[in-house]
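Visitor: Contents of model.txt (compact mmCIF, C-alpha atoms and all ligand atoms):
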# COMPACT_ATOMS: atom_id res chain seq x y z
CA MET A 1 0.00 0.00 0.00
CA THR A 2 2.81 2.40 0.92
CA GLY A 3 3.37 5.14 -1.65
CA THR A 4 0.45 4.13 -3.86
CA ALA A 5 -2.75 6.12 -3.53
CA PRO A 6 -5.93 4.07 -3.97
CA THR A 7 -7.24 6.22 -6.79
CA GLY A 8 -10.00 4.13 -8.34
CA ALA A 9 -13.16 2.39 -7.21
CA THR A 10 -11.56 -1.04 -7.70
CA GLU A 11 -8.60 -0.16 -5.52
CA ARG A 12 -10.90 1.22 -2.85
CA ALA A 13 -13.00 -1.93 -2.92
CA GLU A 14 -9.82 -4.00 -2.51
CA LEU A 15 -8.70 -1.82 0.37
CA ALA A 16 -12.11 -2.23 2.00
CA ARG A 17 -11.98 -6.03 1.59
CA LEU A 18 -8.47 -6.21 3.01
CA ALA A 19 -9.41 -4.12 6.06
CA PHE A 20 -12.60 -6.12 6.65
CA ALA A 21 -10.62 -9.37 6.63
CA LEU A 22 -8.10 -7.97 9.15
CA GLY A 23 -10.99 -7.01 11.41
CA GLU A 24 -12.75 -10.36 11.02
CA LYS A 25 -9.60 -12.24 12.01
CA TYR A 26 -9.86 -10.96 15.60
CA ALA A 27 -13.65 -10.59 15.88
CA ASP A 28 -13.96 -13.07 18.74
CA ARG A 29 -11.39 -11.27 20.90
CA SER A 30 -12.02 -8.55 23.48
CA LEU A 31 -11.04 -5.03 22.50
CA GLY A 32 -9.04 -5.03 25.73
CA ASP A 33 -6.94 -8.00 24.61
CA GLU A 34 -3.44 -6.57 24.22
CA GLN A 35 -2.11 -9.61 22.35
CA ALA A 36 -4.90 -9.47 19.77
CA ALA A 37 -4.45 -5.72 19.30
CA GLU A 38 -0.69 -6.11 18.85
CA ALA A 39 -1.06 -9.04 16.43
CA GLN A 40 -3.55 -7.03 14.41
CA TRP A 41 -1.20 -4.03 14.41
CA GLN A 42 1.54 -6.22 12.88
CA ASP A 43 -1.00 -7.34 10.23
CA LEU A 44 -1.83 -3.71 9.51
CA ARG A 45 1.87 -2.90 9.18
CA ARG A 46 2.44 -5.76 6.73
CA ALA A 47 -0.50 -4.49 4.67
CA GLY A 48 0.85 -0.89 4.74
CA LEU A 49 -2.30 0.48 6.36
CA PRO A 50 -0.66 2.91 8.84
CA ALA A 51 0.42 4.88 5.73
CA ILE A 52 -3.12 5.74 4.65
CA SER A 53 -3.76 9.51 4.46
CA LEU A 54 -0.09 10.49 4.90
CA PRO A 55 1.76 12.38 2.13
CA GLU A 56 3.05 10.16 -0.69
CA GLU A 57 6.49 11.80 -0.66
CA HIS A 58 6.99 10.37 2.85
CA GLY A 59 5.69 6.87 2.17
CA GLY A 60 2.01 7.65 2.56
CA ALA A 61 -0.96 6.78 0.35
CA GLY A 62 -4.58 7.79 -0.05
CA ASP A 63 -6.47 10.43 1.86
CA THR A 64 -8.56 10.98 4.98
CA ALA A 65 -11.64 9.40 3.37
CA ASP A 66 -9.56 6.27 2.63
CA LEU A 67 -8.37 6.21 6.24
CA CYS A 68 -11.97 6.42 7.46
CA LEU A 69 -12.93 3.63 5.07
CA VAL A 70 -10.13 1.40 6.39
CA VAL A 71 -11.01 2.15 10.02
CA GLU A 72 -14.73 1.55 9.43
CA ARG A 73 -14.10 -1.73 7.55
CA LEU A 74 -11.71 -3.06 10.22
CA ALA A 75 -14.37 -2.36 12.84
CA ALA A 76 -17.20 -3.74 10.69
CA GLY A 77 -15.15 -6.91 10.26
CA GLY A 78 -15.12 -7.21 14.04
CA TYR A 79 -11.97 -5.57 15.41
CA PRO A 80 -11.23 -1.85 15.13
CA ALA A 81 -7.66 -0.57 15.25
CA PRO A 82 -7.43 2.27 17.78
CA LYS A 83 -3.66 2.27 17.24
CA LEU A 84 -4.20 3.99 13.88
CA THR A 85 -5.90 6.89 15.64
CA ILE A 86 -3.07 8.67 17.43
CA SER A 87 -0.11 7.78 15.20
CA THR A 88 -1.62 8.15 11.74
CA ALA A 89 -4.67 10.39 12.24
CA VAL A 90 -3.48 12.75 15.01
CA ALA A 91 0.34 12.90 14.95
CA GLY A 92 0.59 12.16 11.22
CA SER A 93 -1.86 14.95 10.34
CA ILE A 94 -0.21 17.50 12.63
CA ILE A 95 3.30 16.75 11.35
CA ALA A 96 2.18 16.66 7.70
CA ARG A 97 0.49 20.05 8.02
CA HIS A 98 2.72 21.84 10.52
CA GLY A 99 6.07 20.03 10.76
CA THR A 100 9.28 21.44 9.30
CA ALA A 101 10.82 19.63 6.30
CA ASP A 102 13.25 17.95 8.74
CA GLN A 103 10.47 16.82 11.06
CA ARG A 104 8.43 15.46 8.18
CA ARG A 105 11.44 13.46 6.94
CA ARG A 106 12.26 12.30 10.46
CA TRP A 107 8.83 11.07 11.54
CA LEU A 108 6.39 10.56 8.67
CA PRO A 109 8.09 7.54 7.01
CA GLY A 110 8.20 5.82 10.43
CA ILE A 111 4.51 6.52 11.05
CA ALA A 112 3.67 5.31 7.53
CA SER A 113 5.53 2.02 8.04
CA GLY A 114 4.12 1.62 11.54
CA GLU A 115 7.63 1.49 12.99
CA LEU A 116 7.14 4.69 14.99
CA ARG A 117 4.23 4.96 17.41
CA PHE A 118 3.08 8.26 18.81
CA CYS A 119 1.02 9.23 21.83
CA PHE A 120 -0.67 12.59 22.31
CA ALA A 121 -0.72 14.46 25.63
CA LEU A 122 -3.37 17.14 25.84
CA THR A 123 -5.66 16.41 28.81
CA GLU A 124 -4.76 17.80 32.23
CA PRO A 125 -6.47 17.15 35.56
CA GLY A 126 -7.11 20.85 36.16
CA ALA A 127 -8.25 21.79 32.65
CA GLY A 128 -10.24 18.72 31.49
CA SER A 129 -12.32 19.57 28.41
CA ASN A 130 -11.20 23.19 28.65
CA SER A 131 -7.95 22.69 26.79
CA ALA A 132 -7.47 26.45 26.43
CA ASN A 133 -6.95 26.43 30.22
CA LEU A 134 -4.07 24.02 30.34
CA ALA A 135 -1.26 24.74 32.78
CA THR A 136 1.72 22.71 31.54
CA ARG A 137 4.44 25.30 30.91
CA ALA A 138 7.14 25.49 28.25
CA GLU A 139 9.82 28.02 29.11
CA ARG A 140 12.64 28.99 26.77
CA VAL A 141 16.06 28.04 28.17
CA GLY A 142 18.97 28.75 25.82
CA ASP A 143 18.16 27.15 22.44
CA GLY A 144 15.65 24.75 23.94
CA TRP A 145 12.66 24.49 26.24
CA ARG A 146 12.03 23.47 29.84
CA VAL A 147 8.68 21.76 30.31
CA SER A 148 6.81 21.35 33.62
CA GLY A 149 3.29 20.12 34.27
CA GLU A 150 0.95 17.17 34.56
CA LYS A 151 -1.01 15.32 31.86
CA THR A 152 -3.58 12.64 32.52
CA TYR A 153 -5.38 9.78 30.74
CA ILE A 154 -2.59 9.72 28.19
CA SER A 155 -2.91 6.48 26.22
CA ALA A 156 0.02 4.24 25.34
CA VAL A 157 2.87 6.31 26.80
CA ASP A 158 4.49 2.99 27.72
CA SER A 159 4.36 1.61 24.17
CA SER A 160 5.09 4.74 22.14
CA ASP A 161 8.29 6.09 20.66
CA VAL A 162 7.35 9.77 20.65
CA MET A 163 4.94 11.86 22.72
CA VAL A 164 3.45 15.01 21.22
CA LEU A 165 2.66 17.26 24.15
CA VAL A 166 0.64 20.47 24.28
CA ALA A 167 2.05 23.12 26.62
CA ARG A 168 1.60 26.81 27.31
CA ASP A 169 4.39 29.02 26.05
CA VAL A 170 5.29 31.12 29.08
CA GLU A 171 6.38 34.11 26.97
CA SER A 172 3.33 34.54 24.72
CA GLY A 173 0.71 32.69 26.78
CA GLY A 174 -0.29 30.71 23.67
CA LEU A 175 -0.09 26.96 23.10
CA THR A 176 2.98 25.16 21.79
CA LEU A 177 3.35 21.58 20.59
CA LEU A 178 6.50 19.73 21.56
CA ALA A 179 7.74 16.25 20.67
CA LEU A 180 9.54 14.15 23.31
CA ASP A 181 11.32 10.91 22.48
CA LEU A 182 10.24 7.96 24.62
CA PRO A 183 11.04 6.26 26.86
CA ASP A 184 12.31 9.19 28.94
CA SER A 185 13.44 8.48 32.50
CA ARG A 186 12.79 12.13 33.42
CA LEU A 187 9.04 11.56 33.14
CA ALA A 188 7.19 10.15 36.15
CA LEU A 189 4.32 7.85 35.06
CA HIS A 190 1.36 6.71 37.14
CA ARG A 191 -1.05 4.24 35.61
CA VAL A 192 -4.73 5.28 35.58
CA ASP A 193 -7.05 2.38 36.42
CA VAL A 194 -9.54 2.66 33.53
CA HIS A 195 -12.22 -0.07 33.39
CA VAL A 196 -13.05 -0.23 29.69
CA PRO A 197 -12.06 -2.72 27.00
CA VAL A 198 -9.14 -0.83 25.47
CA ALA A 199 -5.85 -2.52 24.66
CA GLU A 200 -3.69 0.46 25.65
CA ASN A 201 -2.80 1.64 29.14
CA GLN A 202 -3.62 5.17 30.29
CA TRP A 203 -1.15 7.25 32.27
CA THR A 204 -0.78 10.37 34.31
CA VAL A 205 2.51 11.93 33.22
CA PHE A 206 4.46 14.30 35.47
CA LEU A 207 7.07 16.59 33.96
CA ASP A 208 9.27 18.47 36.38
CA GLY A 209 11.59 20.79 34.46
CA VAL A 210 12.21 18.45 31.50
CA ASP A 211 14.59 20.08 28.98
CA VAL A 212 13.92 19.48 25.28
CA PRO A 213 15.85 20.85 22.27
CA GLY A 214 14.56 23.76 20.16
CA ASN A 215 13.76 21.45 17.23
CA ALA A 216 11.21 19.63 19.41
CA VAL A 217 8.65 22.36 18.67
CA ILE A 218 6.10 21.42 16.00
CA GLY A 219 4.53 24.41 14.26
CA GLU A 220 4.61 27.94 15.56
CA THR A 221 5.60 28.64 19.15
CA GLY A 222 2.66 30.02 21.14
CA ARG A 223 0.26 29.58 18.19
CA GLY A 224 -0.36 25.86 18.41
CA MET A 225 -4.16 25.85 18.69
CA ARG A 226 -4.66 25.47 14.93
CA ALA A 227 -2.15 22.62 14.81
CA VAL A 228 -3.85 20.92 17.78
CA PHE A 229 -7.20 20.98 15.98
CA ASP A 230 -5.60 19.79 12.75
CA GLY A 231 -4.93 16.65 14.82
CA LEU A 232 -8.15 16.54 16.85
CA ASN A 233 -10.49 16.86 13.86
CA PRO A 234 -9.15 13.80 12.03
CA GLU A 235 -9.17 12.01 15.39
CA ARG A 236 -12.91 12.75 15.62
CA LEU A 237 -13.39 11.41 12.09
CA VAL A 238 -11.50 8.21 12.76
CA VAL A 239 -13.35 7.66 16.03
CA ALA A 240 -16.61 8.23 14.15
CA ALA A 241 -15.52 5.63 11.58
CA GLN A 242 -14.82 3.14 14.39
CA ALA A 243 -18.27 3.81 15.84
CA VAL A 244 -20.05 3.22 12.54
CA GLY A 245 -18.03 0.05 11.88
CA ILE A 246 -18.54 -1.46 15.33
CA GLY A 247 -22.23 -0.53 15.15
CA ARG A 248 -22.55 -2.35 11.83
CA TRP A 249 -20.77 -5.40 13.22
CA CYS A 250 -23.15 -5.49 16.22
CA LEU A 251 -26.13 -5.07 13.92
CA ASN A 252 -25.04 -7.84 11.57
CA ARG A 253 -24.50 -10.25 14.44
CA ALA A 254 -27.81 -9.36 16.07
CA THR A 255 -29.70 -9.68 12.80
CA ALA A 256 -28.30 -13.15 12.19
CA TYR A 257 -29.17 -14.14 15.75
CA ALA A 258 -32.68 -12.64 15.67
CA GLY A 259 -33.37 -14.42 12.37
CA GLN A 260 -32.76 -17.86 13.83
CA ARG A 261 -33.51 -17.65 17.57
CA VAL A 262 -37.00 -19.07 18.18
CA VAL A 263 -38.69 -18.50 21.52
CA PHE A 264 -42.46 -18.21 20.97
CA ASP A 265 -42.63 -20.44 17.87
CA VAL A 266 -41.24 -17.77 15.49
CA PRO A 267 -37.80 -16.17 15.17
CA ILE A 268 -37.52 -13.23 17.60
CA GLY A 269 -36.63 -10.97 14.63
CA SER A 270 -40.20 -11.30 13.34
CA HIS A 271 -41.44 -9.37 16.40
CA GLN A 272 -41.39 -5.68 15.62
CA ALA A 273 -40.26 -4.91 19.16
CA VAL A 274 -36.99 -6.63 18.22
CA ALA A 275 -36.85 -5.68 14.52
CA HIS A 276 -37.60 -1.95 14.77
CA PRO A 277 -34.77 -0.94 17.09
CA LEU A 278 -32.39 -2.81 14.75
CA ALA A 279 -33.92 -1.12 11.70
CA GLU A 280 -33.70 2.30 13.37
CA ALA A 281 -30.06 1.68 14.16
CA TYR A 282 -29.48 0.75 10.51
CA VAL A 283 -30.94 4.09 9.40
CA ALA A 284 -28.84 6.01 11.93
CA LEU A 285 -25.64 4.23 10.88
CA GLU A 286 -26.24 4.91 7.17
CA ALA A 287 -26.92 8.60 7.88
CA ALA A 288 -23.82 8.90 10.05
CA TRP A 289 -21.66 7.25 7.39
CA ALA A 290 -22.84 9.77 4.78
CA LEU A 291 -22.03 12.70 7.10
CA LEU A 292 -18.66 11.21 7.87
CA GLY A 293 -17.78 10.82 4.19
CA ASP A 294 -18.47 14.51 3.53
CA ALA A 295 -16.44 15.62 6.55
CA ALA A 296 -13.49 13.36 5.66
CA ARG A 297 -13.40 14.65 2.08
CA LEU A 298 -13.41 18.25 3.34
CA TYR A 299 -10.52 17.61 5.72
CA GLY A 300 -8.64 15.63 3.04
CA GLU A 301 -8.90 18.59 0.66
CA GLY A 302 -6.99 20.72 3.16
CA GLY A 303 -9.91 22.14 5.14
CA GLN A 304 -10.16 22.16 8.92
CA ALA A 305 -13.62 20.54 8.95
CA GLY A 306 -14.16 21.45 12.61
CA LEU A 307 -17.94 21.70 12.46
CA GLU A 308 -18.28 18.73 10.11
CA SER A 309 -16.01 16.52 12.24
CA ASN A 310 -18.00 17.27 15.37
CA VAL A 311 -21.31 16.65 13.58
CA ALA A 312 -20.02 13.35 12.21
CA LYS A 313 -18.60 12.31 15.59
CA ILE A 314 -21.90 12.94 17.37
CA ALA A 315 -24.00 11.22 14.70
CA ALA A 316 -21.68 8.22 14.43
CA CYS A 317 -21.20 7.64 18.15
CA ASP A 318 -24.95 7.99 18.78
CA ALA A 319 -25.69 5.58 15.92
CA GLY A 320 -23.02 3.09 17.00
CA LEU A 321 -24.24 3.06 20.58
CA LYS A 322 -27.86 2.74 19.46
CA ALA A 323 -26.92 -0.25 17.32
CA ALA A 324 -24.91 -1.90 20.08
CA ASP A 325 -27.72 -1.39 22.59
CA ALA A 326 -30.37 -2.80 20.23
CA ALA A 327 -28.05 -5.70 19.40
CA LEU A 328 -27.38 -6.41 23.07
CA GLN A 329 -31.12 -6.46 23.78
CA SER A 330 -31.74 -8.85 20.88
CA PHE A 331 -29.20 -11.29 22.25
CA GLY A 332 -30.95 -11.58 25.62
CA GLY A 333 -28.65 -13.16 28.21
CA SER A 334 -26.23 -14.23 25.46
CA GLY A 335 -25.37 -10.58 24.92
CA PHE A 336 -23.33 -10.67 28.11
CA THR A 337 -21.23 -13.73 27.24
CA GLY A 338 -17.69 -13.79 25.94
CA GLU A 339 -18.96 -15.81 23.00
CA SER A 340 -21.10 -12.98 21.60
CA MET A 341 -18.70 -10.14 22.64
CA MET A 342 -21.70 -7.77 22.51
CA PHE A 343 -21.14 -6.18 25.90
CA ASP A 344 -17.44 -5.69 25.14
CA ARG A 345 -18.33 -3.67 22.02
CA PHE A 346 -21.15 -1.85 23.81
CA ALA A 347 -18.75 -0.72 26.55
CA TYR A 348 -16.23 0.51 23.97
CA LEU A 349 -18.92 2.46 22.10
CA ARG A 350 -20.10 3.97 25.35
CA LEU A 351 -16.55 5.19 25.95
CA LEU A 352 -16.61 6.96 22.58
CA ARG A 353 -19.54 9.04 23.77
CA SER A 354 -17.23 10.63 26.36
CA VAL A 355 -13.84 10.61 24.65
CA PRO A 356 -11.78 11.84 22.86
CA VAL A 357 -14.25 14.71 22.88
CA SER A 358 -17.41 14.44 24.96
CA ARG A 359 -20.79 14.58 23.27
CA GLU A 360 -21.52 17.83 25.16
CA MET A 361 -18.34 19.60 24.03
CA ALA A 362 -18.98 18.51 20.44
CA LEU A 363 -22.54 19.88 20.72
CA ASN A 364 -21.15 23.13 22.15
CA HIS A 365 -19.09 23.48 18.99
CA VAL A 366 -22.10 22.76 16.77
CA ALA A 367 -24.17 25.32 18.71
CA THR A 368 -21.57 28.07 18.27
CA ALA A 369 -19.89 27.29 14.92
CA GLY A 370 -22.96 25.80 13.25
CA LEU A 371 -25.81 27.83 14.71
CA GLY A 372 -24.02 31.01 15.71
CA LEU A 373 -25.23 30.85 19.30
CA PRO A 374 -23.22 32.72 21.94
CA ARG A 375 -20.34 30.85 23.49
CA SER A 376 -20.70 29.84 27.15
CA TYR A 377 -17.51 27.84 27.53
C1 LIG B 401 -9.66 5.55 27.86
C2 LIG B 401 -9.28 7.00 27.73
C3 LIG B 401 -8.24 7.36 26.89
C4 LIG B 401 -7.84 8.70 26.77
N1 LIG B 401 -6.74 9.01 26.00
C5 LIG B 401 -6.29 10.29 26.00
C6 LIG B 401 -5.06 10.62 25.32
O1 LIG B 401 -4.38 9.74 24.73
N2 LIG B 401 -4.62 11.90 25.34
C7 LIG B 401 -5.32 12.89 25.98
O2 LIG B 401 -4.87 14.04 25.95
N3 LIG B 401 -6.47 12.62 26.64
C8 LIG B 401 -6.97 11.35 26.67
N4 LIG B 401 -8.13 11.05 27.36
C9 LIG B 401 -8.83 12.10 28.07
C10 LIG B 401 -10.15 12.49 27.41
O3 LIG B 401 -9.92 13.13 26.19
C11 LIG B 401 -10.90 13.37 28.44
O4 LIG B 401 -11.32 12.49 29.46
C12 LIG B 401 -12.04 14.09 27.85
O5 LIG B 401 -11.58 15.05 26.94
C13 LIG B 401 -12.90 14.83 28.92
O6 LIG B 401 -12.11 15.49 29.87
P1 LIG B 401 -12.36 15.22 31.43
O7 LIG B 401 -12.28 13.76 31.68
O8 LIG B 401 -11.47 16.08 32.25
O9 LIG B 401 -13.86 15.64 31.68
P2 LIG B 401 -14.42 17.08 32.16
O10 LIG B 401 -13.86 18.15 31.30
O11 LIG B 401 -14.22 17.20 33.62
O12 LIG B 401 -15.97 16.93 31.83
C14 LIG B 401 -16.84 16.12 32.63
C15 LIG B 401 -18.24 16.19 32.03
O13 LIG B 401 -18.72 17.55 32.05
C16 LIG B 401 -19.11 17.94 30.76
N5 LIG B 401 -18.78 19.34 30.53
C17 LIG B 401 -17.66 20.01 30.89
N6 LIG B 401 -17.71 21.28 30.46
C18 LIG B 401 -18.89 21.43 29.81
C19 LIG B 401 -19.53 22.51 29.14
N7 LIG B 401 -18.96 23.71 29.01
N8 LIG B 401 -20.74 22.29 28.57
C20 LIG B 401 -21.34 21.07 28.67
N9 LIG B 401 -20.78 20.02 29.29
C21 LIG B 401 -19.57 20.19 29.86
C22 LIG B 401 -18.31 17.04 29.81
O14 LIG B 401 -18.95 16.92 28.57
C23 LIG B 401 -18.26 15.73 30.58
O15 LIG B 401 -19.45 15.01 30.33
C24 LIG B 401 -8.55 9.71 27.48
C25 LIG B 401 -9.61 9.34 28.32
C26 LIG B 401 -9.96 8.02 28.47
C27 LIG B 401 -11.06 7.64 29.42
Show the structure stored in the file as structure tokens.
Guide:
Amino acid sequence: MTGTAPTGATERAELARLAFALGEKYADRSLGDEQAAEAQWQDLRRAGLPAISLPEEHGGAGDTADLCLVVERLAAGGYPAPKLTISTAVAGSIIARHGTADQRRRWLPGIASGELRFCFALTEPGAGSNSANLATRAERVGDGWRVSGEKTYISAVDSSDVMVLVARDVESGGLTLLALDLPDSRLALHRVDVHVPVAENQWTVFLDGVDVPGNAVIGETGRGMRAVFDGLNPERLVVAAQAVGIGRWCLNRATAYAGQRVVFDVPIGSHQAVAHPLAEAYVALEAAWALLGDAARLYGEGGQAGLESNVAKIAACDAGLKAADAALQSFGGSGFTGESMMFDRFAYLRLLRSVPVSREMALNHVATAGLGLPRSY
């Protein structure tokens, strides 16, 4: 895949089939199963999928819509690949759009091959959803920077090679993005005990006067907000694609089950109380997929797609959760077994309602950017 953009319908169909098969291979495993997630990641690497949406000159191929297609098909096959989210969609997008020529050469080929894994440190205990309020400081010292602060819920710090961190530039008061090579013994890490089926660990990261070189800055010092959102918007799109894909997987499984499970002499799927919630979820998933396609194309053409990404994220995560809930209900008690994996997927979809951006904060953006209502946050 690397270096070859999937230009035609045939190539896209092949890409979709490949991704579906790599999802199907792990469909019976929990999304919290680290071995399954790692084995799938190696499959994705062999197939060149971490390269999708990155610039061709650095080993990339395809665009944001192709990335969303791959992510949706993996999830629809049965096993989404959250590892594509931070490295390819967030870090890859930020570096492609805001990195210097040196930084692009240094990191993008490694992201495209899957050799380099990135994590992204934005959230802070004191700021939460209010990222404009973050307190981690970057102070200029000689040619470099001294960074102090605390980040929390940062995924995969222990299994990443580079951490992109958002800090406040002490001089200008604006935000600055910095890259830190990992592992780094100067960072203190405390594991956060998160009870959801995710295959990555979450960490609180303490930085106490950590010096980084001047070339660690990505984009403009003190003017990093635009770069941050050039990473967060594709993250929303990829998360939306996961939600649609997992929702479709749940729906397909539930439909097959409801078509053959007989309780009162007929298959349960012939009762409208079972069929209608599944049909409603189908409609919601199709609508969300259409919104997502438009948003992904806009971002891929160089736009920011802030409003569109939030709209797609809300629609997709609502639709995915609706599908998983209807599917769970159709399965009766079997929905809670390891054999069906329904509750595992339901829990993951429920997580996506709260992170990486909460439904409320996404709606706040729609209310202000889409409707022009006054800002309260
Ligand atoms: C498994 C997991 C992985 C994560 N990975 C990462 C990562 O890799 N990197 C990273 O930086 N972060 C990560 N996060 C953090 C995640 O992005 C945040 O949890 C999320 O952005 C919300 O922040 P918070 O938890 O502080 O909630 P808060 O900001 O405290 O919000 C709590 C609730 O209040 C609501 N709320 C707050 N303000 C408003 C308002 N103005 N209007 C309406 N409602 C409001 C929110 O919507 C939410 O429902 C992760 C979290 C989890 C659970």
Visitor: Using all atoms listed in the file, collect all residues at a distance of at most 7 Å from (-17.0, 2.9, 30.2) as written in the file, then present them as a list in words.
Guide: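 Answer for this query, in the requested form: His195, Val196, Ala347, Tyr348, Arg350 and Leu351 of chain A.
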Visitor: Can you write out the residues you just picked, keeping C-alpha atoms, as a JSON list (two decimals), in the frame of the given file?
Guide:
[["chain", "number", "residue", "atom", "x", "y", "z"],
["A", 195, "HIS", "CA", -12.22, -0.07, 33.39],
["A", 196, "VAL", "CA", -13.05, -0.23, 29.69],
["A", 347, "ALA", "CA", -18.75, -0.72, 26.55],
["A", 348, "TYR", "CA", -16.23, 0.51, 23.97],
["A", 350, "ARG", "CA", -20.10, 3.97, 25.35],
["A", 351, "LEU", "CA", -16.55, 5.19, 25.95]]
Visitor: Which residues of chain A have any atom within 6 Å of an atom in ligand LIG 401 (chain B) when counting all atoms listed in the file, and what is the closest pair of atoms for each, with the distance in Å to one decimal? Order the rows by chain and rising number and write it as JSON lines.
Guide:
{"residue": "A:Phe120", "atom": "CA", "partner": "B:LIG401", "partner_atom": "N2", "distance": 5.0}
{"residue": "A:Ala121", "atom": "CA", "partner": "B:LIG401", "partner_atom": "O2", "distance": 4.2}
{"residue": "A:Leu122", "atom": "CA", "partner": "B:LIG401", "partner_atom": "O2", "distance": 3.4}
{"residue": "A:Thr123", "atom": "CA", "partner": "B:LIG401", "partner_atom": "O2", "distance": 3.8}
{"residue": "A:Gly128", "atom": "CA", "partner": "B:LIG401", "partner_atom": "O8", "distance": 3.0}
{"residue": "A:Ser129", "atom": "CA", "partner": "B:LIG401", "partner_atom": "O10", "distance": 3.6}
{"residue": "A:Tyr153", "atom": "CA", "partner": "B:LIG401", "partner_atom": "N4", "distance": 4.5}
{"residue": "A:Ile154", "atom": "CA", "partner": "B:LIG401", "partner_atom": "C6", "distance": 3.9}
{"residue": "A:Ser155", "atom": "CA", "partner": "B:LIG401", "partner_atom": "O1", "distance": 3.9}
{"residue": "A:Val355", "atom": "CA", "partner": "B:LIG401", "partner_atom": "O3", "distance": 4.9}
{"residue": "A:Pro356", "atom": "CA", "partner": "B:LIG401", "partner_atom": "O3", "distance": 4.0}
{"residue": "A:Val357", "atom": "CA", "partner": "B:LIG401", "partner_atom": "O5", "distance": 4.9}
{"residue": "A:Ser358", "atom": "CA", "partner": "B:LIG401", "partner_atom": "O14", "distance": 4.6}
{"residue": "A:Glu360", "atom": "CA", "partner": "B:LIG401", "partner_atom": "O14", "distance": 4.4}
{"residue": "A:Met361", "atom": "CA", "partner": "B:LIG401", "partner_atom": "O14", "distance": 5.3}
{"residue": "A:Tyr377", "atom": "CA", "partner": "B:LIG401", "partner_atom": "N7", "distance": 4.6}
Visitor: Check the smallest atom-to-atom distance from each of A:Ala101, A:Ala312, A:Val283, A:Ile95 to Ala362 of chain A using all atoms listed in the file, then report the winner.
Guide: A:Ala312
Visitor: Between atom CA of Gly302 of chain A and atom CA of Arg97 of chain A, measure the distance and give it in Å to one decimal.
Guide: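 Atom CA of Arg97 of chain A lies at a distance of 8.9 Å from atom CA of Gly302 of chain A.
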Visitor: Which residue, A:Gly62, A:Gly48, A:Gly149, A:Pro277, has the smallest gap to Ala324 of chain A when you use all atoms listed in the file?
Guide: A:Pro277
Visitor: Between A:Ser309, A:Ser330, A:Ser131, A:Ser340, single out the one closest to Gly224 of chain A, counting all atoms listed in the file.
Guide: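 Smallest separation from Gly224 of chain A among the options: A:Ser131.
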Visitor: Lys151 of chain A: which residues within 12 Å, counting all atoms listed in the file, same-chain residues fewer than 3 positions away excluded, as a ChimeraX atom specification?
Guide: /A:119-128,131,134-137,147-148,154-155,157,163-167,187-192,202-208
Visitor: Need the shell around Ala254 of chain A: protein/DNA/RNA residues with any atom at most 12 Å away, counting all atoms listed in the file. Skip same-chain ones fewer than 6 positions apart. Format as a PDB file with C-alpha atoms, in the frame of the given file?
Guide:
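Output below, filename part-v9.pdb:
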ATOM      1  CA  GLY A 247     -22.230  -0.530  15.150  1.00  0.00           C
ATOM      2  CA  ARG A 248     -22.550  -2.350  11.830  1.00  0.00           C
ATOM      3  CA  GLN A 260     -32.760 -17.860  13.830  1.00  0.00           C
ATOM      4  CA  ARG A 261     -33.510 -17.650  17.570  1.00  0.00           C
ATOM      5  CA  ILE A 268     -37.520 -13.230  17.600  1.00  0.00           C
ATOM      6  CA  GLY A 269     -36.630 -10.970  14.630  1.00  0.00           C
ATOM      7  CA  VAL A 274     -36.990  -6.630  18.220  1.00  0.00           C
ATOM      8  CA  ALA A 275     -36.850  -5.680  14.520  1.00  0.00           C
ATOM      9  CA  PRO A 277     -34.770  -0.940  17.090  1.00  0.00           C
ATOM     10  CA  LEU A 278     -32.390  -2.810  14.750  1.00  0.00           C
ATOM     11  CA  ALA A 279     -33.920  -1.120  11.700  1.00  0.00           C
ATOM     12  CA  ALA A 281     -30.060   1.680  14.160  1.00  0.00           C
ATOM     13  CA  TYR A 282     -29.480   0.750  10.510  1.00  0.00           C
ATOM     14  CA  ALA A 323     -26.920  -0.250  17.320  1.00  0.00           C
ATOM     15  CA  ALA A 324     -24.910  -1.900  20.080  1.00  0.00           C
ATOM     16  CA  ASP A 325     -27.720  -1.390  22.590  1.00  0.00           C
ATOM     17  CA  ALA A 326     -30.370  -2.800  20.230  1.00  0.00           C
ATOM     18  CA  ALA A 327     -28.050  -5.700  19.400  1.00  0.00           C
ATOM     19  CA  LEU A 328     -27.380  -6.410  23.070  1.00  0.00           C
ATOM     20  CA  GLN A 329     -31.120  -6.460  23.780  1.00  0.00           C
ATOM     21  CA  SER A 330     -31.740  -8.850  20.880  1.00  0.00           C
ATOM     22  CA  PHE A 331     -29.200 -11.290  22.250  1.00  0.00           C
ATOM     23  CA  GLY A 332     -30.950 -11.580  25.620  1.00  0.00           C
ATOM     24  CA  SER A 334     -26.230 -14.230  25.460  1.00  0.00           C
ATOM     25  CA  GLY A 335     -25.370 -10.580  24.920  1.00  0.00           C
ATOM     26  CA  SER A 340     -21.100 -12.980  21.600  1.00  0.00           C
ATOM     27  CA  MET A 341     -18.700 -10.140  22.640  1.00  0.00           C
ATOM     28  CA  MET A 342     -21.700  -7.770  22.510  1.00  0.00           C
TER      29      MET A 342
END
Visitor: Could you work out how far atom CA of Ala284 of chain A lies from atom CA of Pro197 of chain A, giving the answer in Å with one decimal?
Guide: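 These atoms are spaced 24.2 Å apart.
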Visitor: Figure out the distance between atom CA of Leu321 of chain A and atom CA of Thr88 of chain A, please, to one decimal in Å.
Guide: 24.8 Å
Visitor: Name the residues in contact with Lys83 of chain A at a cut-off of 10 Å, using all atoms listed in the file, excluding same-chain residues fewer than 5 positions from it; report them as a list of chain:residue names.
Guide: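 Surrounding residues, per the criterion: A:Ala37, A:Glu38, A:Gln40, A:Trp41, A:Leu44, A:Pro50, A:Thr88, A:Ala89, A:Gly114, A:Arg117, A:Phe118, A:Cys119, A:Ser155, A:Ala156, A:Ala199, A:Glu200.
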